[in-house]
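K.L.:
Below: one structure in structure tokens.
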Amino acid sequence: MQKTFKNEKILFAEPLFQCDGLAGFTRSELYENAIHRTLRINQLKKEHNWTQEDFDIAIRCLNYEVGFVIHLSMFIPAIERLATDDQKAKWLPLAESYRILGTYAQTELGHGTNLMALETTATFDPRTDEFVLRTPQLSSMKWWPGSLGKTATHAIVLAQLIIGNKNYGMNPFMVQLRSLEDHMPLPGIIVGDIGAKLGANSNDNGFLILNDVRIPRENMLARNSKVTKDGRYIQTSTNKANYATMVLVRLSIIRWAEDTIKNGSLIAIRYSAVRRQSSLQAGGPEMQVLDYQTQQYKIFPSLAASYALFFTYEAMMKEYEIAYAQIMRGNNQLLGQIHGQLSGLKAFASDLVTYELEMCRRSCGGHGYLKASVVGETLLHTLPLVTVEGDNTVMYLQCARYLLKQIAKALAGQDVDEPTSYLKKDILSYTCPVQKGEHCTNPNYLLKIYTQRAHSAIASVARQLQFDLESGKDQSSAFNNNLVSLVQAAKAHCQLCLMKNFVESVSALERTCSENLASVLRQLCLYFGLHGIVTASGEFLESEAIGLQQLEWIKAEELKSLAAIRPNAVALVDAFDLHDQTVMSALGRYDGNAYQHLFEAAKREPMNQTQVPPAYYKYLRDLIKGQPLAKL
Ligand SMILES: CCCCCCCCCC/C=C\CCC/C=C/C(=O)SCCNC(=O)CCNC(=O)[C@H](O)C(C)(C)COP(=O)(O)OP(=O)(O)OC[C@H]1O[C@@H](n2cnc3c(N)ncnc32)[C@H](O)[C@@H]1OP(=O)(O)O
Ligand SMILES: Cc1cc2nc3c(=O)[nH]c(=O)nc-3n(C[C@H](O)[C@H](O)[C@H](O)COP(=O)(O)OP(=O)(O)OC[C@H]3O[C@@H](n4cnc5c(N)ncnc54)[C@H](O)[C@@H]3O)c2cc1C
């Protein structure tokens, strides 16, 4: 599935990229190692004439366990999106050659979601033609930005622009943090690392206090708005255009989610094919645990999710490229659509994979709790995806806000955006396409069911909001009264998007691939559709997209499809074409020697490097020999 990385051999021939040692690393070692890796990948890029795409794939091959992630994924893209041509000419070459190292400093100790409430100020001083940056109180300090703690020389700081006594809202400013001579913080800057996290500890997420730090007027990133020398504010685009970097990263998170769930499902499936435990026949040979229906029920959702997210990322990437090209030409027509879609899908993708990764971990039994299994570690690295770039609840609500606008348009007989075109249909004329058991094997029928459920969820919450408003509730309490249903409606839309992308991509592939391959993919797509309905059956029933009879058929077909997928399960994860060095799991090796690799990992354990541990001489010896213990 992943474009085969022709340079994989070169990458993994390097000891630096052989990951077995990382488990015992301290934070400082992880941090240093991550920087070392990115610099070496850059050298390899030059030595072997890699393209930018090769470079990006190399980072994915290393499971993003590299340095400068925010520099590459936010700082440079922010300059590209928010700076004028002159500013780009000045900063991009420096950033691209790592002569300046950047971060994206938006979130504060007191606020991450509510950007309007950010407290950092950039006050224009017309006497010196400068902005004065200030974090006025404890809650205003920047808190979380990646690479801020110890690495970044520069930050794009998001601050409230103040001219005279007027606040012109959040704007981006380029602020130098550290000396380019000796890396010491510049005057007025207090900066450091926020401390160890549950995962992702190679990254030095940081805090930043700005005490009246002065920057030239030219350091306001001025593609969308600027301040003239005489203190006039000129806005050339919607103020939401300054949120553009976040839109891109939300797209990247879908890909990141896809990459992590591919790892999880690969480990769980390969290991379950190796592991034998018990038997269903008395005295019979022990079964591969992958043959238990319950095990398939636990793992195959993650397999299907891997493919669904792959197809969805590909589709969203195309949508994004079209929108981005328009936006860079100054046409913001697609801004709302791409923001609405990507906020919801970022949330849905990260929710899905964090849930399924834990199922993968459990499916590996006790060994899944070992670091060497890597599933748990992957989960810890993935958990923040539900929070970064907008907490998922808040992102679903952004998506719902977009859907409400679309349904209002549809009801008024106006055109709606293509991804919500189903809202134009007559919801009342729906008849469930599944009228007998065998109809459940048609993915297009399932797609119709998903469409009706999403349409109904959106229409129902829109009606309830309308009702609450008409009953005298003010706008905000009517909204608060319906937040849970709004999130449900957004989820329904996102689940439909995944199903639609899966069905359409498989149909497109059917035209070019062998019938054998097509039928395997069709089966997986069908399973994805059936499983999604069963897990949210209450909502599908409530929306009357299906009835109890249909649910019974769908449940039966879901179980049948587990057995149909089973023979191809290992091949479906092998098809991810992930190198053992990428997956790094003792349990999920291509050669299937899980026990041998687990034992090798145990032998490498630092505790095993001496036969008798220091604690023996300190405590155990006297204890075992019955000697009185020294005062402890
Ligand atoms: C090349 C190799 C690279 C290597 C590595 C690759 C890895 C790549 C992946 C990287 C992944 C992980 C790294 C993660 C690092 C994390 C970084 C961060 O977290 S940065 C901080 C992110 N912060 C947030 O996301 C904050 C969330 N909050 C918001 O977005 C907003 O405040 C919001 C949307 C909640 C509310 O906005 P606002 O305060 O303006 O509210 P309003 O109600 O007034 O406005 C809503 C109005 O605005 C429209 N809107 C909102 N956002 C956008 C947008 N982004 N674009 C366009 N329009 C937007 C919204 O639709 C409403 O419109 P309306 O017409 O009024 O309905
Ligand atoms: C690993 C990691 C890396 C990060 N990297 C960066 C970075 O590089 N740069 C940067 O600027 N930031 C970064 N962040 C910060 C991140 O963007 C924020 O944490 C995120 O946007 C969520 O904001 P918050 O922490 O303020 O959560 P809060 O908004 O405080 O959320 C707390 C709870 O309140 C709920 N809530 C909040 N508002 C609403 C609402 N309007 N309606 C309903 N419920 C609501 C949420 O759903 C959540 O349950 C990073 C965070 C992490 C964990």
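Order determines the names: the first chain of the structure tokens is A, the second B, and so forth; residues in each chain are numbered 1 upward, and ligands are numbered 1 upward as they are shown.
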Neighbours of ligand 2 at 7 Å or closer, counting only C-alpha atoms and all ligand atoms: which residues, as a list in words?
P.N.:
Ile70, Thr103, Tyr104, Ala105, Gln106, Thr107, Gly110, His111, Gly112, Thr113, Asn114, Trp144, Pro145, Gly146, Asn205, Pro384, Thr387, Val388, Glu389, Gly390, Asp391, Asn392, Thr393 and Val394 of chain A
K.L.:
Next, the residues of the selection above should be written as a PDB file, in the first residue's frame with N, CA and C atoms.
P.N.:
```pdb
ATOM      1  N   ILE A  70       8.188  19.738  14.344  1.00  0.00           N
ATOM      2  CA  ILE A  70       7.374  20.955  14.210  1.00  0.00           C
ATOM      3  C   ILE A  70       8.027  21.934  13.227  1.00  0.00           C
ATOM      4  N   THR A 103       9.640  26.784  15.691  1.00  0.00           N
ATOM      5  CA  THR A 103       8.481  26.159  16.319  1.00  0.00           C
ATOM      6  C   THR A 103       7.252  27.004  16.016  1.00  0.00           C
ATOM      7  N   TYR A 104       6.087  26.463  16.354  1.00  0.00           N
ATOM      8  CA  TYR A 104       4.815  27.154  16.131  1.00  0.00           C
ATOM      9  C   TYR A 104       4.213  27.368  17.513  1.00  0.00           C
ATOM     10  N   ALA A 105       4.320  28.596  18.013  1.00  0.00           N
ATOM     11  CA  ALA A 105       3.970  28.850  19.416  1.00  0.00           C
ATOM     12  C   ALA A 105       2.624  29.545  19.511  1.00  0.00           C
ATOM     13  N   GLN A 106       1.602  28.737  19.635  1.00  0.00           N
ATOM     14  CA  GLN A 106       0.243  29.259  19.702  1.00  0.00           C
ATOM     15  C   GLN A 106      -0.365  29.005  21.089  1.00  0.00           C
ATOM     16  N   THR A 107      -0.371  27.734  21.507  1.00  0.00           N
ATOM     17  CA  THR A 107      -1.046  27.366  22.751  1.00  0.00           C
ATOM     18  C   THR A 107      -0.373  28.009  23.968  1.00  0.00           C
ATOM     19  N   GLY A 110      -2.925  28.775  29.758  1.00  0.00           N
ATOM     20  CA  GLY A 110      -4.345  28.960  30.082  1.00  0.00           C
ATOM     21  C   GLY A 110      -5.306  28.669  28.943  1.00  0.00           C
ATOM     22  N   HIS A 111      -4.846  28.687  27.704  1.00  0.00           N
ATOM     23  CA  HIS A 111      -5.751  28.475  26.569  1.00  0.00           C
ATOM     24  C   HIS A 111      -5.064  27.752  25.419  1.00  0.00           C
ATOM     25  N   GLY A 112      -5.774  26.719  24.921  1.00  0.00           N
ATOM     26  CA  GLY A 112      -5.297  26.041  23.723  1.00  0.00           C
ATOM     27  C   GLY A 112      -6.378  26.070  22.662  1.00  0.00           C
ATOM     28  N   THR A 113      -7.621  25.756  23.087  1.00  0.00           N
ATOM     29  CA  THR A 113      -8.735  25.695  22.147  1.00  0.00           C
ATOM     30  C   THR A 113      -9.185  27.084  21.714  1.00  0.00           C
ATOM     31  N   ASN A 114      -9.458  27.916  22.700  1.00  0.00           N
ATOM     32  CA  ASN A 114     -10.096  29.208  22.409  1.00  0.00           C
ATOM     33  C   ASN A 114      -9.059  30.243  21.998  1.00  0.00           C
ATOM     34  N   TRP A 144       3.595  24.062  25.455  1.00  0.00           N
ATOM     35  CA  TRP A 144       3.399  22.894  24.594  1.00  0.00           C
ATOM     36  C   TRP A 144       4.180  22.925  23.277  1.00  0.00           C
ATOM     37  N   PRO A 145       4.430  24.099  22.669  1.00  0.00           N
ATOM     38  CA  PRO A 145       5.015  24.032  21.332  1.00  0.00           C
ATOM     39  C   PRO A 145       6.209  23.074  21.220  1.00  0.00           C
ATOM     40  N   GLY A 146       6.160  22.229  20.201  1.00  0.00           N
ATOM     41  CA  GLY A 146       7.212  21.242  19.976  1.00  0.00           C
ATOM     42  C   GLY A 146       8.519  21.931  19.608  1.00  0.00           C
ATOM     43  N   ASN A 205       8.925  19.626  23.955  1.00  0.00           N
ATOM     44  CA  ASN A 205       7.811  20.588  24.039  1.00  0.00           C
ATOM     45  C   ASN A 205       8.162  21.607  25.124  1.00  0.00           C
ATOM     46  N   PRO A 384      -1.713  11.467  21.835  1.00  0.00           N
ATOM     47  CA  PRO A 384      -1.895  12.926  21.719  1.00  0.00           C
ATOM     48  C   PRO A 384      -2.584  13.370  20.434  1.00  0.00           C
ATOM     49  N   THR A 387      -5.709  15.169  20.767  1.00  0.00           N
ATOM     50  CA  THR A 387      -5.676  16.500  21.394  1.00  0.00           C
ATOM     51  C   THR A 387      -4.993  17.540  20.508  1.00  0.00           C
ATOM     52  N   VAL A 388      -3.856  17.143  19.911  1.00  0.00           N
ATOM     53  CA  VAL A 388      -3.093  18.144  19.151  1.00  0.00           C
ATOM     54  C   VAL A 388      -3.905  18.643  17.964  1.00  0.00           C
ATOM     55  N   GLU A 389      -3.605  19.866  17.582  1.00  0.00           N
ATOM     56  CA  GLU A 389      -4.272  20.482  16.440  1.00  0.00           C
ATOM     57  C   GLU A 389      -5.771  20.537  16.671  1.00  0.00           C
ATOM     58  N   GLY A 390      -6.146  20.738  17.931  1.00  0.00           N
ATOM     59  CA  GLY A 390      -7.550  20.873  18.272  1.00  0.00           C
ATOM     60  C   GLY A 390      -8.074  19.618  18.923  1.00  0.00           C
ATOM     61  N   ASP A 391      -8.546  19.757  20.178  1.00  0.00           N
ATOM     62  CA  ASP A 391      -9.169  18.643  20.889  1.00  0.00           C
ATOM     63  C   ASP A 391     -10.301  18.062  20.029  1.00  0.00           C
ATOM     64  N   ASN A 392     -10.410  16.727  20.043  1.00  0.00           N
ATOM     65  CA  ASN A 392     -11.347  16.085  19.109  1.00  0.00           C
ATOM     66  C   ASN A 392     -12.796  16.554  19.258  1.00  0.00           C
ATOM     67  N   THR A 393     -13.254  16.743  20.506  1.00  0.00           N
ATOM     68  CA  THR A 393     -14.645  17.187  20.679  1.00  0.00           C
ATOM     69  C   THR A 393     -14.845  18.521  19.968  1.00  0.00           C
ATOM     70  N   VAL A 394     -13.870  19.396  20.188  1.00  0.00           N
ATOM     71  CA  VAL A 394     -13.963  20.738  19.606  1.00  0.00           C
ATOM     72  C   VAL A 394     -13.904  20.650  18.070  1.00  0.00           C
TER      73      VAL A 394
END
```
K.L.:
Distance limit 8 Å, reference ligand 1, atoms considered: only C-alpha atoms and all ligand atoms. Which residues make the cut? Give them as number ranges by chain.
P.N.:
A: 52, 55-56, 59-60, 64, 66, 68-70, 72-74, 104-107, 112-117, 144-146, 240-247, 249-250, 252-253, 255-256, 335-336, 338-340, 385, 387-391, 394-395, 398-399, 401-402, 405
K.L.:
Mind checking DSSP for range 14-140 of chain A and telling me the helix (DSSP H, G or I) residues as JSON, numbers by chain?
P.N.:
{"A": [15, 16, 17, 19, 20, 21, 22, 23, 24, 27, 28, 29, 30, 31, 32, 33, 34, 35, 36, 37, 38, 39, 40, 41, 42, 43, 44, 45, 46, 47, 52, 53, 54, 55, 56, 57, 58, 59, 60, 61, 69, 70, 71, 72, 73, 74, 75, 76, 77, 78, 79, 80, 81, 82, 85, 86, 87, 88, 89, 90, 91, 92, 93, 94, 95, 96, 115, 116, 117, 138, 139, 140]}
K.L.:
Given the selection you just returned, output its residues as a file containing C-alpha atoms, formatted as an mmCIF file, in the first residue's frame.
P.N.:
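As a result, out-v6.cif now contains:
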```cif
data_model
loop_
_atom_site.group_PDB
_atom_site.id
_atom_site.type_symbol
_atom_site.label_atom_id
_atom_site.label_comp_id
_atom_site.auth_asym_id
_atom_site.auth_seq_id
_atom_site.Cartn_x
_atom_site.Cartn_y
_atom_site.Cartn_z
ATOM 1 C CA PRO A 15 23.167 1.585 12.711
ATOM 2 C CA LEU A 16 21.494 4.884 13.643
ATOM 3 C CA PHE A 17 18.222 3.664 12.179
ATOM 4 C CA CYS A 19 15.942 0.928 16.588
ATOM 5 C CA ASP A 20 16.327 -1.922 19.035
ATOM 6 C CA GLY A 21 18.254 0.194 21.525
ATOM 7 C CA LEU A 22 15.694 3.012 21.930
ATOM 8 C CA ALA A 23 13.747 1.369 24.749
ATOM 9 C CA GLY A 24 16.510 1.991 27.289
ATOM 10 C CA ARG A 27 15.056 11.589 27.557
ATOM 11 C CA SER A 28 18.260 13.413 26.677
ATOM 12 C CA GLU A 29 19.449 10.455 24.639
ATOM 13 C CA LEU A 30 16.102 10.191 22.838
ATOM 14 C CA TYR A 31 16.217 13.917 22.091
ATOM 15 C CA GLU A 32 19.772 13.795 20.781
ATOM 16 C CA ASN A 33 19.140 10.647 18.786
ATOM 17 C CA ALA A 34 16.102 12.214 17.095
ATOM 18 C CA ILE A 35 18.103 15.247 15.955
ATOM 19 C CA HIS A 36 20.964 13.018 14.827
ATOM 20 C CA ARG A 37 18.513 11.012 12.722
ATOM 21 C CA THR A 38 16.994 13.977 10.899
ATOM 22 C CA LEU A 39 20.419 15.372 10.092
ATOM 23 C CA ARG A 40 21.590 12.005 8.794
ATOM 24 C CA ILE A 41 18.445 11.654 6.647
ATOM 25 C CA ASN A 42 19.282 15.043 5.185
ATOM 26 C CA GLN A 43 22.779 13.859 4.380
ATOM 27 C CA LEU A 44 21.396 10.698 2.776
ATOM 28 C CA LYS A 45 19.012 12.855 0.767
ATOM 29 C CA LYS A 46 21.944 14.795 -0.630
ATOM 30 C CA GLU A 47 24.224 11.766 -1.079
ATOM 31 C CA GLN A 52 11.319 15.539 -0.929
ATOM 32 C CA GLU A 53 8.873 12.619 -1.226
ATOM 33 C CA ASP A 54 11.709 10.156 -0.518
ATOM 34 C CA PHE A 55 12.646 12.240 2.515
ATOM 35 C CA ASP A 56 9.059 12.216 3.804
ATOM 36 C CA ILE A 57 8.781 8.452 3.296
ATOM 37 C CA ALA A 58 12.063 7.978 5.178
ATOM 38 C CA ILE A 59 10.499 9.790 8.128
ATOM 39 C CA ARG A 60 7.444 7.545 7.946
ATOM 40 C CA CYS A 61 9.712 4.489 7.736
ATOM 41 C CA VAL A 69 8.975 17.571 13.538
ATOM 42 C CA ILE A 70 7.374 20.955 14.210
ATOM 43 C CA HIS A 71 10.043 22.760 12.214
ATOM 44 C CA LEU A 72 9.184 20.577 9.214
ATOM 45 C CA SER A 73 5.469 20.123 9.681
ATOM 46 C CA MET A 74 4.439 23.574 10.984
ATOM 47 C CA PHE A 75 7.192 26.220 11.025
ATOM 48 C CA ILE A 76 8.110 25.936 7.340
ATOM 49 C CA PRO A 77 4.479 25.421 6.197
ATOM 50 C CA ALA A 78 3.447 28.439 8.300
ATOM 51 C CA ILE A 79 6.015 30.628 6.552
ATOM 52 C CA GLU A 80 4.785 29.307 3.201
ATOM 53 C CA ARG A 81 1.161 30.052 4.076
ATOM 54 C CA LEU A 82 1.296 33.178 6.211
ATOM 55 C CA ASP A 85 6.839 36.821 -0.878
ATOM 56 C CA ASP A 86 9.589 39.045 0.567
ATOM 57 C CA GLN A 87 9.344 37.372 3.948
ATOM 58 C CA LYS A 88 9.435 33.950 2.335
ATOM 59 C CA ALA A 89 12.552 34.918 0.400
ATOM 60 C CA LYS A 90 14.193 35.911 3.676
ATOM 61 C CA TRP A 91 13.193 33.052 6.010
ATOM 62 C CA LEU A 92 12.480 29.987 3.893
ATOM 63 C CA PRO A 93 16.072 29.412 2.699
ATOM 64 C CA LEU A 94 17.305 29.752 6.295
ATOM 65 C CA ALA A 95 14.654 27.383 7.625
ATOM 66 C CA GLU A 96 15.079 24.849 4.826
ATOM 67 C CA LEU A 115 -7.747 31.152 20.217
ATOM 68 C CA MET A 116 -9.682 34.401 20.634
ATOM 69 C CA ALA A 117 -8.738 34.299 24.317
ATOM 70 C CA LEU A 138 1.356 33.062 34.246
ATOM 71 C CA SER A 139 -1.546 31.760 32.154
ATOM 72 C CA SER A 140 -0.255 33.619 29.073
#
```
K.L.:
Can you measure CA of Ser537 in chain A to CA of Leu483 in chain A for me? One decimal in Å is fine.
P.N.:
20.6 Å
K.L.:
Pick from A:Ile10, A:Val227, A:Leu266, A:Ala564: nearest to Tyr168 in chain A, with only C-alpha atoms counted?
P.N.:
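Checking each candidate against Tyr168 in chain A, we get A:Val227 as the closest.
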K.L.:
Do a neighbour search on range 420-424 of chain A at 9 Å with only C-alpha atoms, toss out local chain neighbours closer than 5 positions, and write the hits as an NGL selection string.
P.N.:
:A and (403 or 406-407 or 409-411 or 413-415 or 451-452 or 454-455 or 458-459 or 493)
K.L.:
So that I can see what lies close to Ser363 in chain A, please list as a list in words the residues with an atom at most 7 Å from it, counting only C-alpha atoms and leaving out residues fewer than 6 positions away in the same chain.
P.N.:
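Counting only C-alpha atoms, the residues come to Ala268, Gln295 and Lys298 of chain A.
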K.L.:
Can you write out the residues you just picked, keeping C-alpha atoms, as a JSON list (two decimals), in the first residue's frame?
P.N.:
```
[["chain", "number", "residue", "atom", "x", "y", "z"],
["A", 268, "ALA", "CA", -1.53, -8.20, 16.11],
["A", 295, "GLN", "CA", -9.73, -12.78, 18.10],
["A", 298, "LYS", "CA", -10.89, -7.90, 18.07]]
```
K.L.:
Measuring between only C-alpha atoms, which one of A:Gln296, A:Gln549, A:Ser543, A:Ser507 shows the shortest distance to Ser265 in chain A?
P.N.:
A:Gln296
K.L.:
Counting only C-alpha atoms, which residue out of A:Ala478, A:Cys364, A:Ile156, A:Ile261 sits closest to Ala594 in chain A?
P.N.:
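Result for the nearest residue to Ala594 in chain A: A:Cys364.
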K.L.:
Would you please work out which residue, of A:Ala222, A:Ala323, A:Ala282, A:Leu101, is nearest to Thr151 in chain A when using only C-alpha atoms?
P.N.:
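Counting only C-alpha atoms, the residue closest to Thr151 in chain A is A:Leu101.
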